[in-house]
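Novice: Following this line is final12.cif, made up of mmCIF, C-alpha atoms (C1' of nucleotides):
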data_run
#
loop_
_atom_site.label_atom_id
_atom_site.label_comp_id
_atom_site.auth_asym_id
_atom_site.auth_seq_id
_atom_site.Cartn_x
_atom_site.Cartn_y
_atom_site.Cartn_z
CA MET A 2 0.00 0.00 0.00
CA SER A 3 1.29 3.48 -0.84
CA ASP A 4 2.51 5.53 2.07
CA PHE A 5 0.00 8.17 0.99
CA ALA A 6 -2.91 5.75 1.35
CA LYS A 7 -1.66 4.34 4.63
CA ARG A 8 -1.39 7.74 6.28
CA LEU A 9 -4.67 8.93 4.81
CA ILE A 10 -6.62 5.94 6.10
CA ALA A 11 -5.14 6.27 9.57
CA TRP A 12 -5.87 9.99 9.59
CA GLN A 13 -9.44 9.52 8.38
CA LYS A 14 -10.21 7.02 11.12
CA GLN A 15 -9.05 9.41 13.79
CA HIS A 16 -9.76 12.87 12.39
CA GLY A 17 -12.17 12.42 9.49
CA ARG A 18 -15.93 12.96 9.36
CA HIS A 19 -18.02 10.04 10.55
CA GLY A 20 -21.46 11.33 11.43
CA LEU A 21 -22.85 12.61 8.13
CA PRO A 22 -26.36 11.34 7.36
CA TRP A 23 -25.23 9.22 4.39
CA GLN A 24 -22.37 7.58 6.22
CA ASN A 25 -22.49 4.37 8.22
CA THR A 26 -24.71 2.66 5.68
CA SER A 27 -23.97 0.24 2.89
CA ASP A 28 -27.30 0.88 1.17
CA ALA A 29 -26.18 1.69 -2.36
CA TYR A 30 -29.33 3.70 -3.00
CA ALA A 31 -28.80 5.92 0.05
CA ILE A 32 -25.19 6.46 -0.94
CA TYR A 33 -26.19 7.12 -4.55
CA VAL A 34 -28.70 9.83 -3.58
CA SER A 35 -26.10 11.55 -1.42
CA GLU A 36 -23.47 11.48 -4.15
CA ILE A 37 -25.83 13.07 -6.66
CA MET A 38 -26.88 15.78 -4.22
CA LEU A 39 -23.27 16.46 -3.34
CA GLN A 40 -22.27 17.08 -6.95
CA GLN A 41 -21.24 20.74 -6.89
CA SER A 42 -23.18 21.33 -3.68
CA GLN A 43 -21.67 21.74 -0.26
CA VAL A 44 -22.24 19.32 2.59
CA SER A 45 -23.90 21.92 4.81
CA THR A 46 -26.38 22.74 2.06
CA VAL A 47 -27.15 19.13 1.23
CA ILE A 48 -27.87 17.74 4.70
CA GLY A 49 -31.39 19.17 5.04
CA TYR A 50 -32.38 18.28 1.50
CA TYR A 51 -31.03 14.76 1.93
CA GLN A 52 -32.96 14.05 5.09
CA LYS A 53 -36.28 15.22 3.65
CA PHE A 54 -35.66 13.42 0.37
CA MET A 55 -34.85 10.12 2.05
CA GLN A 56 -37.85 10.39 4.30
CA ARG A 57 -40.13 10.74 1.28
CA PHE A 58 -38.21 8.39 -1.05
CA PRO A 59 -36.61 5.85 1.29
CA THR A 60 -36.12 3.20 -1.38
CA LEU A 61 -35.20 3.03 -5.02
CA ALA A 62 -38.66 1.65 -5.79
CA SER A 63 -40.41 4.55 -4.05
CA LEU A 64 -38.37 7.01 -6.11
CA ALA A 65 -39.04 5.13 -9.35
CA GLN A 66 -42.77 5.19 -8.69
CA ALA A 67 -42.94 8.92 -7.93
CA SER A 68 -43.74 11.61 -10.47
CA GLN A 69 -41.01 13.86 -11.77
CA ASP A 70 -42.98 16.80 -10.41
CA GLU A 71 -42.74 15.47 -6.89
CA VAL A 72 -39.04 14.67 -7.19
CA LEU A 73 -38.44 18.26 -8.32
CA GLN A 74 -40.45 19.57 -5.36
CA TYR A 75 -37.91 17.99 -3.07
CA TRP A 76 -35.03 19.33 -5.17
CA SER A 77 -36.42 22.85 -5.33
CA GLY A 78 -33.75 25.33 -4.27
CA LEU A 79 -30.83 22.93 -4.51
CA GLY A 80 -30.01 23.80 -8.11
CA TYR A 81 -28.62 21.87 -11.07
CA TYR A 82 -32.01 20.31 -11.63
CA SER A 83 -30.81 17.87 -14.29
CA ARG A 84 -29.43 15.97 -11.31
CA ALA A 85 -32.96 15.42 -10.04
CA ARG A 86 -34.35 14.52 -13.45
CA ASN A 87 -31.52 12.05 -14.01
CA LEU A 88 -31.88 10.64 -10.51
CA HIS A 89 -35.51 9.88 -11.23
CA LYS A 90 -34.74 8.47 -14.68
CA THR A 91 -31.99 6.25 -13.29
CA ALA A 92 -34.25 4.94 -10.53
CA GLN A 93 -36.83 3.97 -13.15
CA ARG A 94 -34.18 2.38 -15.34
CA ILE A 95 -32.83 0.29 -12.47
CA ALA A 96 -36.37 -0.75 -11.60
CA THR A 97 -37.07 -2.00 -15.12
CA ASP A 98 -33.66 -3.10 -16.41
CA TYR A 99 -31.90 -4.31 -13.25
CA ALA A 100 -34.73 -5.87 -11.27
CA GLY A 101 -34.70 -2.97 -8.86
CA ILE A 102 -31.23 -3.88 -7.58
CA PHE A 103 -28.65 -1.11 -7.67
CA PRO A 104 -25.92 -2.41 -10.02
CA ASP A 105 -22.52 -3.09 -8.46
CA ASP A 106 -20.69 -2.99 -11.79
CA PHE A 107 -18.54 0.11 -12.17
CA THR A 108 -19.06 0.29 -15.94
CA VAL A 109 -22.80 -0.27 -15.70
CA MET A 110 -23.08 2.49 -13.12
CA GLN A 111 -21.45 4.95 -15.50
CA SER A 112 -23.98 4.09 -18.20
CA LEU A 113 -26.79 5.42 -16.00
CA PRO A 114 -27.94 9.04 -16.42
CA GLY A 115 -26.17 11.43 -14.08
CA ILE A 116 -23.51 8.98 -12.92
CA GLY A 117 -20.05 9.82 -14.22
CA ARG A 118 -16.70 8.34 -13.37
CA SER A 119 -16.20 10.06 -10.02
CA THR A 120 -19.71 9.43 -8.74
CA ALA A 121 -19.52 5.81 -9.86
CA ALA A 122 -16.24 5.45 -8.00
CA ALA A 123 -17.72 6.93 -4.85
CA ILE A 124 -20.66 4.53 -4.94
CA ALA A 125 -18.44 1.59 -5.87
CA SER A 126 -16.08 2.21 -2.98
CA PHE A 127 -18.59 3.24 -0.31
CA ALA A 128 -21.27 0.68 -1.08
CA PHE A 129 -19.22 -2.20 -2.44
CA GLY A 130 -15.66 -1.65 -1.24
CA GLN A 131 -14.34 -1.64 -4.79
CA VAL A 132 -10.96 -0.16 -5.66
CA GLN A 133 -11.87 2.86 -7.78
CA THR A 134 -10.80 6.43 -7.32
CA ILE A 135 -12.93 9.52 -7.05
CA LEU A 136 -11.71 12.83 -8.45
CA ASP A 137 -13.74 15.75 -7.19
CA GLY A 138 -12.76 19.30 -6.35
CA ASN A 139 -11.31 18.27 -3.00
CA VAL A 140 -9.14 15.53 -4.47
CA LYS A 141 -7.97 17.74 -7.32
CA ARG A 142 -6.79 20.35 -4.82
CA VAL A 143 -5.07 17.80 -2.56
CA LEU A 144 -3.25 16.15 -5.46
CA ALA A 145 -2.36 19.40 -7.22
CA ARG A 146 -0.65 20.54 -4.05
CA HIS A 147 0.87 17.31 -2.87
CA PHE A 148 2.39 16.53 -6.26
CA MET A 149 2.79 20.12 -7.46
CA VAL A 150 0.59 19.77 -10.52
CA SER A 151 0.15 23.19 -12.08
CA GLY A 152 -2.44 24.25 -14.64
CA TRP A 153 -6.19 24.59 -14.25
CA THR A 154 -7.53 21.26 -12.96
CA GLY A 155 -10.57 21.56 -15.19
CA SER A 156 -8.56 21.30 -18.40
CA LYS A 157 -8.48 17.96 -20.14
CA LYS A 158 -4.72 17.58 -19.90
CA VAL A 159 -4.37 18.33 -16.20
CA GLU A 160 -7.44 16.33 -15.32
CA GLN A 161 -6.02 13.30 -17.06
CA GLN A 162 -2.79 13.61 -15.06
CA LEU A 163 -4.80 13.82 -11.88
CA TRP A 164 -6.88 10.74 -12.70
CA GLN A 165 -3.66 8.83 -13.29
CA LEU A 166 -2.11 10.07 -10.05
CA ALA A 167 -5.26 9.27 -8.11
CA GLU A 168 -5.33 5.73 -9.51
CA SER A 169 -1.68 5.13 -8.67
CA LEU A 170 -2.29 5.91 -5.01
CA LEU A 171 -5.20 3.50 -4.48
CA PRO A 172 -4.91 0.94 -1.69
CA GLN A 173 -6.20 -2.60 -2.09
CA GLN A 174 -7.80 -2.52 1.36
CA GLY A 175 -9.72 0.06 3.36
CA MET A 176 -11.43 1.81 0.48
CA VAL A 177 -14.26 3.29 2.54
CA ALA A 178 -11.90 5.14 4.88
CA TYR A 179 -9.57 5.99 2.01
CA THR A 180 -12.24 7.54 -0.23
CA GLN A 181 -13.79 9.39 2.67
CA GLY A 182 -10.33 10.51 3.75
CA LEU A 183 -9.58 12.03 0.37
CA MET A 184 -12.65 14.22 0.64
CA ASP A 185 -12.27 14.94 4.34
CA LEU A 186 -8.69 16.06 3.91
CA GLY A 187 -9.65 18.48 1.15
CA ALA A 188 -12.72 19.72 2.98
CA THR A 189 -11.24 20.23 6.44
CA VAL A 190 -7.44 20.53 6.14
CA CYS A 191 -6.28 21.11 2.58
CA THR A 192 -8.84 23.84 2.07
CA ARG A 193 -8.76 26.43 -0.68
CA SER A 194 -7.98 29.32 1.62
CA GLN A 195 -6.06 29.08 4.87
CA PRO A 196 -5.10 25.40 4.63
CA LYS A 197 -4.09 23.84 7.94
CA CYS A 198 -0.78 22.40 6.82
CA ALA A 199 0.45 22.02 10.39
CA ALA A 200 -2.37 19.55 11.03
CA CYS A 201 -1.97 17.68 7.76
CA PRO A 202 -0.97 14.02 7.77
CA MET A 203 0.80 14.59 4.43
CA GLN A 204 2.99 17.50 5.52
CA GLY A 205 6.10 15.37 5.32
CA SER A 206 5.57 14.50 1.67
CA CYS A 207 3.67 17.50 0.30
CA ALA A 208 5.70 19.04 -2.53
CA ALA A 209 3.81 22.33 -2.47
CA LEU A 210 4.45 22.76 1.23
CA GLN A 211 8.17 22.12 0.81
CA ALA A 212 8.32 24.53 -2.13
CA ASN A 213 6.24 27.09 -0.24
CA CYS A 214 3.62 27.33 -2.96
CA VAL A 215 0.54 25.90 -1.27
CA TYR A 216 -1.20 29.21 -1.82
CA THR A 217 -0.63 29.25 -5.57
CA LEU A 218 -2.08 25.80 -6.15
CA PRO A 219 -4.32 24.67 -7.60
CA THR A 220 -4.08 27.06 -10.53
CA PRO A 221 -7.29 29.10 -10.58
CA LYS A 222 -9.81 28.76 -13.36
CA PRO A 223 -9.29 31.27 -16.18
CA LYS A 224 -11.67 34.18 -15.71
CA LYS A 225 -14.37 35.06 -18.13
CA THR A 226 -16.70 38.00 -18.08
CA ILE A 227 -20.18 36.76 -17.40
CA PRO A 228 -23.05 38.33 -19.31
CA GLN A 229 -25.85 40.34 -17.73
CA LYS A 230 -29.34 39.43 -18.91
CA GLN A 231 -32.82 40.80 -18.31
CA THR A 232 -36.24 39.25 -18.21
CA THR A 233 -39.72 40.16 -17.10
CA MET A 234 -41.74 37.65 -15.13
CA LEU A 235 -45.49 38.04 -15.46
CA VAL A 236 -47.42 37.46 -12.27
CA LEU A 237 -50.87 36.75 -13.65
CA ARG A 238 -53.32 37.04 -10.78
CA HIS A 239 -56.93 35.96 -10.79
CA GLY A 240 -58.60 36.18 -7.43
CA GLU A 241 -56.33 34.41 -4.97
CA GLN A 242 -54.58 32.46 -7.68
CA ILE A 243 -51.51 32.97 -9.79
CA MET A 244 -50.45 31.21 -12.97
CA LEU A 245 -47.28 29.16 -13.32
CA GLU A 246 -46.02 27.41 -16.41
CA LYS A 247 -43.93 24.30 -16.64
CA ARG A 248 -40.57 25.00 -18.20
CA PRO A 249 -39.14 22.85 -20.99
CA SER A 250 -37.26 19.81 -19.72
CA SER A 251 -33.92 21.09 -20.94
CA GLY A 252 -32.17 24.37 -20.29
CA ILE A 253 -32.22 26.54 -17.22
CA TRP A 254 -34.66 25.39 -14.51
CA GLY A 255 -35.70 22.49 -16.74
CA GLY A 256 -38.96 20.87 -15.65
CA LEU A 257 -39.62 23.41 -12.91
CA TRP A 258 -42.68 25.63 -12.54
CA SER A 259 -42.12 29.33 -13.10
CA PHE A 260 -43.83 32.55 -14.05
CA PRO A 261 -44.26 33.22 -17.77
CA GLU A 262 -41.44 35.37 -19.08
CA THR A 263 -41.06 37.99 -21.75
CA ASP A 264 -38.28 40.26 -22.87
CA ALA A 265 -40.71 42.80 -24.28
CA ALA A 266 -41.75 45.53 -21.90
CA ASP A 267 -44.50 47.10 -23.97
CA ASP A 268 -48.05 46.06 -24.61
CA LEU A 269 -48.15 43.19 -22.19
CA GLU A 270 -51.93 43.03 -22.44
CA THR A 271 -51.75 42.05 -26.10
CA LEU A 272 -48.94 39.61 -25.41
CA VAL A 273 -50.91 37.89 -22.67
CA GLN A 274 -54.03 37.81 -24.82
CA THR A 275 -52.13 36.30 -27.73
CA ARG A 276 -50.04 33.82 -25.79
CA PHE A 277 -52.52 32.66 -23.18
CA GLY A 278 -55.92 33.90 -24.38
CA LEU A 279 -56.24 35.91 -21.19
CA SER A 280 -57.71 39.35 -20.70
CA ALA A 281 -55.50 41.13 -18.23
CA SER A 282 -54.33 44.61 -17.27
CA SER A 283 -50.87 45.53 -16.05
CA GLN A 284 -50.43 46.66 -12.47
CA ALA A 285 -47.57 48.60 -10.93
CA PRO A 286 -44.21 46.78 -11.21
CA LEU A 287 -43.60 44.93 -7.97
CA ALA A 288 -39.81 44.67 -7.81
CA THR A 289 -36.63 43.90 -9.65
CA ILE A 290 -34.78 40.86 -8.41
CA SER A 291 -31.12 40.19 -9.11
CA HIS A 292 -30.18 36.58 -9.53
CA ALA A 293 -26.67 35.28 -10.16
CA PHE A 294 -26.11 32.01 -11.98
CA SER A 295 -22.70 30.47 -12.42
CA HIS A 296 -22.65 31.57 -16.05
CA TYR A 297 -24.71 34.79 -16.18
CA LYS A 298 -26.45 37.39 -14.11
CA LEU A 299 -30.14 37.97 -14.45
CA SER A 300 -32.27 40.96 -13.57
CA ILE A 301 -35.87 39.89 -13.14
CA HIS A 302 -38.53 42.54 -13.44
CA VAL A 303 -41.60 41.37 -11.58
CA GLN A 304 -44.72 42.51 -13.40
CA PRO A 305 -48.08 41.77 -11.80
CA MET A 306 -51.13 41.66 -14.05
CA HIS A 307 -54.76 41.58 -13.06
CA VAL A 308 -56.57 38.89 -15.00
CA THR A 309 -60.22 39.70 -15.54
CA GLN A 310 -61.22 36.56 -17.33
CA VAL A 311 -59.79 33.05 -17.38
CA PRO A 312 -60.85 30.81 -20.27
CA SER A 313 -63.16 28.20 -18.79
CA GLN A 314 -61.89 25.19 -20.71
CA VAL A 315 -58.15 25.57 -21.21
CA SER A 316 -56.36 23.44 -18.61
CA GLU A 317 -53.37 22.64 -20.77
CA PRO A 318 -50.95 20.64 -18.67
CA GLN A 319 -48.09 23.11 -18.97
CA TYR A 320 -50.11 25.80 -17.17
CA SER A 321 -51.34 25.76 -13.63
CA TRP A 322 -53.44 28.17 -11.54
CA LEU A 323 -52.42 27.94 -7.91
CA SER A 324 -52.74 29.76 -4.63
CA VAL A 325 -49.49 31.31 -3.44
CA GLU A 326 -49.21 28.60 -0.79
CA GLU A 327 -49.70 25.85 -3.35
CA ALA A 328 -47.15 27.44 -5.66
CA ASN A 329 -44.69 27.64 -2.81
CA ALA A 330 -44.92 23.87 -2.36
CA ALA A 331 -44.27 23.14 -6.05
CA GLY A 332 -41.01 22.48 -7.83
CA ILE A 333 -39.95 26.09 -8.34
CA PRO A 334 -36.61 27.84 -8.74
CA THR A 335 -35.30 30.16 -6.05
CA PRO A 336 -36.24 33.52 -7.63
CA VAL A 337 -39.83 32.34 -8.05
CA ARG A 338 -39.88 31.47 -4.36
CA LYS A 339 -38.64 34.97 -3.61
CA ILE A 340 -41.42 36.49 -5.69
CA LEU A 341 -43.99 34.36 -3.87
CA GLN A 342 -42.62 35.74 -0.61
CA LEU A 343 -43.15 39.26 -1.94
CA LEU A 344 -46.75 38.42 -2.79
CA LEU A 345 -47.34 37.02 0.69
CA ALA A 346 -45.79 40.11 2.28
CA GLU A 347 -47.97 42.31 0.11
CA ALA A 348 -51.09 40.43 1.18
CA GLN A 349 -50.07 40.78 4.83
CA THR A 350 -49.58 44.52 4.44
CA LYS A 351 -53.02 44.89 2.89
CA LYS A 352 -54.58 42.87 5.68
CA SER A 353 -53.12 44.98 8.43
CA ALA A 354 -53.94 48.25 6.64
"C1'" DA B 13 -13.40 20.22 -25.54
"C1'" DA B 14 -15.41 24.18 -23.94
"C1'" DT B 15 -19.76 25.31 -22.30
"C1'" DG B 16 -24.32 24.94 -19.96
"C1'" DC B 17 -26.25 23.99 -15.80
"C1'" DG B 18 -28.07 26.74 -9.50
"C1'" DT B 19 -27.39 28.28 -5.36
"C1'" DG B 20 -25.33 29.86 -1.15
"C1'" DG B 21 -21.44 30.94 1.74
"C1'" DC B 22 -17.24 33.11 2.42
"C1'" DG B 23 -13.16 36.24 2.09
"C1'" DT C 2 -20.28 44.37 -3.17
"C1'" DC C 3 -18.26 40.90 -5.84
"C1'" DG C 4 -15.56 37.10 -7.34
"C1'" DC C 5 -14.81 32.42 -6.35
"C1'" DC C 6 -16.19 27.81 -6.20
"C1'" DA C 7 -18.34 23.50 -3.94
"C1'" DA C 8 -18.61 15.16 -3.10
"C1'" DG C 9 -19.48 16.79 -11.69
"C1'" DC C 10 -22.09 15.40 -15.69
"C1'" DA C 11 -23.85 15.83 -20.36
"C1'" DT C 12 -23.19 17.37 -24.80
#
Would you write out, as structure tokens, the structure that this file holds?
Specialist:
Amino acid sequence: MSDFAKRLIAWQKQHGRHGLPWQNTSDAYAIYVSEIMLQQSQVSTVIGYYQKFMQRFPTLASLAQASQDEVLQYWSGLGYYSRARNLHKTAQRIATDYAGIFPDDFTVMQSLPGIGRSTAAAIASFAFGQVQTILDGNVKRVLARHFMVSGWTGSKKVEQQLWQLAESLLPQQGMVAYTQGLMDLGATVCTRSQPKCAACPMQGSCAALQANCVYTLPTPKPKKTIPQKQTTMLVLRHGEQIMLEKRPSSGIWGGLWSFPETDAADDLETLVQTRFGLSASSQAPLATISHAFSHYKLSIHVQPMHVTQVPSQVSEPQYSWLSVEEANAAGIPTPVRKILQLLLAEAQTKKSA
DNA sequence: AATGCGTGGCG
DNA sequence: TCGCCAAGCAT
């Protein structure tokens, strides 16, 4: 066993994390759900979502049988919603193609929607004790420092080096502690800022520490200017109800419920009449909400409209008239939730006036 | 292979 | 306030 692995395993057992909700189980499904939620999301954010999700969907079968709408309700606010859609799709595929048993084959796992090499390795090692390496942001940072690998770790070339390094370090025994240790070390010791090198089990062999360049590694991602976009969300109100529409299954907020959008500011009445067959009149703009994505910034102008007449016999499935409370319980993106809060606050103000 | 895909916390 | 990025994957 490599010295690296030996020290890491010993360190993990004594100083690593052991009480996270998805630890101390060998249920592949429970581990799988956690790994998907933890893709690009931090542990502290995931914990609450994970507990509610597992309470509602405790088994693979229960998830497979649920509607996509309900799965997205439980994912609402967590972001990267393709993870939820793929989670649901994979549960259904395992139910039909693999007799409901989570596959233990590393290659088969990677053929399932939403499971890539690193996630497959995490499941394979945690659930089945297999010798496969993960390579997430934590591991990239640990390896880039320990072996002084320069260059942005997201580039194909550097990433390939890191995969090879990670593989070369694998132990043949103790994979659960080893895999957890890789992540724990990056998350609690070899952190991006203010790493605790004095407490690191690898301080004797870390090349970056010896060369005094821990702070320059890993090489930061090349910057790009992110575009600023605008949209207007139409809050169509009829009595106590508002209208949401289901977004297309691909693209931003895919499959979630949201307010209808337009980029045209003028003649909203005609637009609403044409697009939805609704007679409505614009009210005073409610607010402008700033929302930052990873790849662009969005200013959302919130435009309430008073609907005087709703067609009696429309009920197309992509539209839904809901109370604010009902909307708040649906699979909605974060800015929509913020707008619903504004509407509730407005109603409260009116009540007390 | 570079880009699209969310959100929240932190310095 | 703002840039950075977190248990990545799909295309």
Novice: Starting from the PyMOL selection byres ((chain A) within 7 of (chain B)), expand the selection into actual residues of this file and give them as a ChimeraX atom specification.
Specialist: /A:79-81,253,294
Novice: Taking all atoms listed in the file into account, which residues of chain C are within 9 Å of chain A, as a PyMOL selection string?
Specialist: chain C and resi 6-11
Novice: Those same residues - C-alpha atoms (C1' of nucleotides) - I'd like them written as a tab-separated table (two decimals), in the frame of the given file.
Specialist:
chain	number	residue	atom	x	y	z
C	6	DC	C1'	-16.19	27.81	-6.20
C	7	DA	C1'	-18.34	23.50	-3.94
C	8	DA	C1'	-18.61	15.16	-3.10
C	9	DG	C1'	-19.48	16.79	-11.69
C	10	DC	C1'	-22.09	15.40	-15.69
C	11	DA	C1'	-23.85	15.83	-20.36
Novice: Enumerate, as a PyMOL selection string, the residues matched when the PyMOL selection byres ((chain A and resi 103) around 10) is run on the file above.
Specialist: chain A and resi 28-30+33+61+91-92+95-96+99-102+104-106+109-110
Novice: Enter the distance from CA of Gln342 (chain A) to CA of Leu323 (chain A), in Å, rounded to one decimal.
Specialist: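 According to the coordinates, CA of Gln342 (chain A) and CA of Leu323 (chain A) are separated by 14.5 Å.
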Novice: To one decimal in Å, tell me the separation between CA of Asp264 (chain A) and CA of Ala85 (chain A).
Specialist: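 We find that CA of Asp264 (chain A) and CA of Ala85 (chain A) lie 28.5 Å from each other.
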Novice: Can you measure CA of Thr134 (chain A) to CA of Gly187 (chain A) for me? One decimal in Å is fine.
Specialist: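 That distance, rounded to one decimal, is 14.8 Å.
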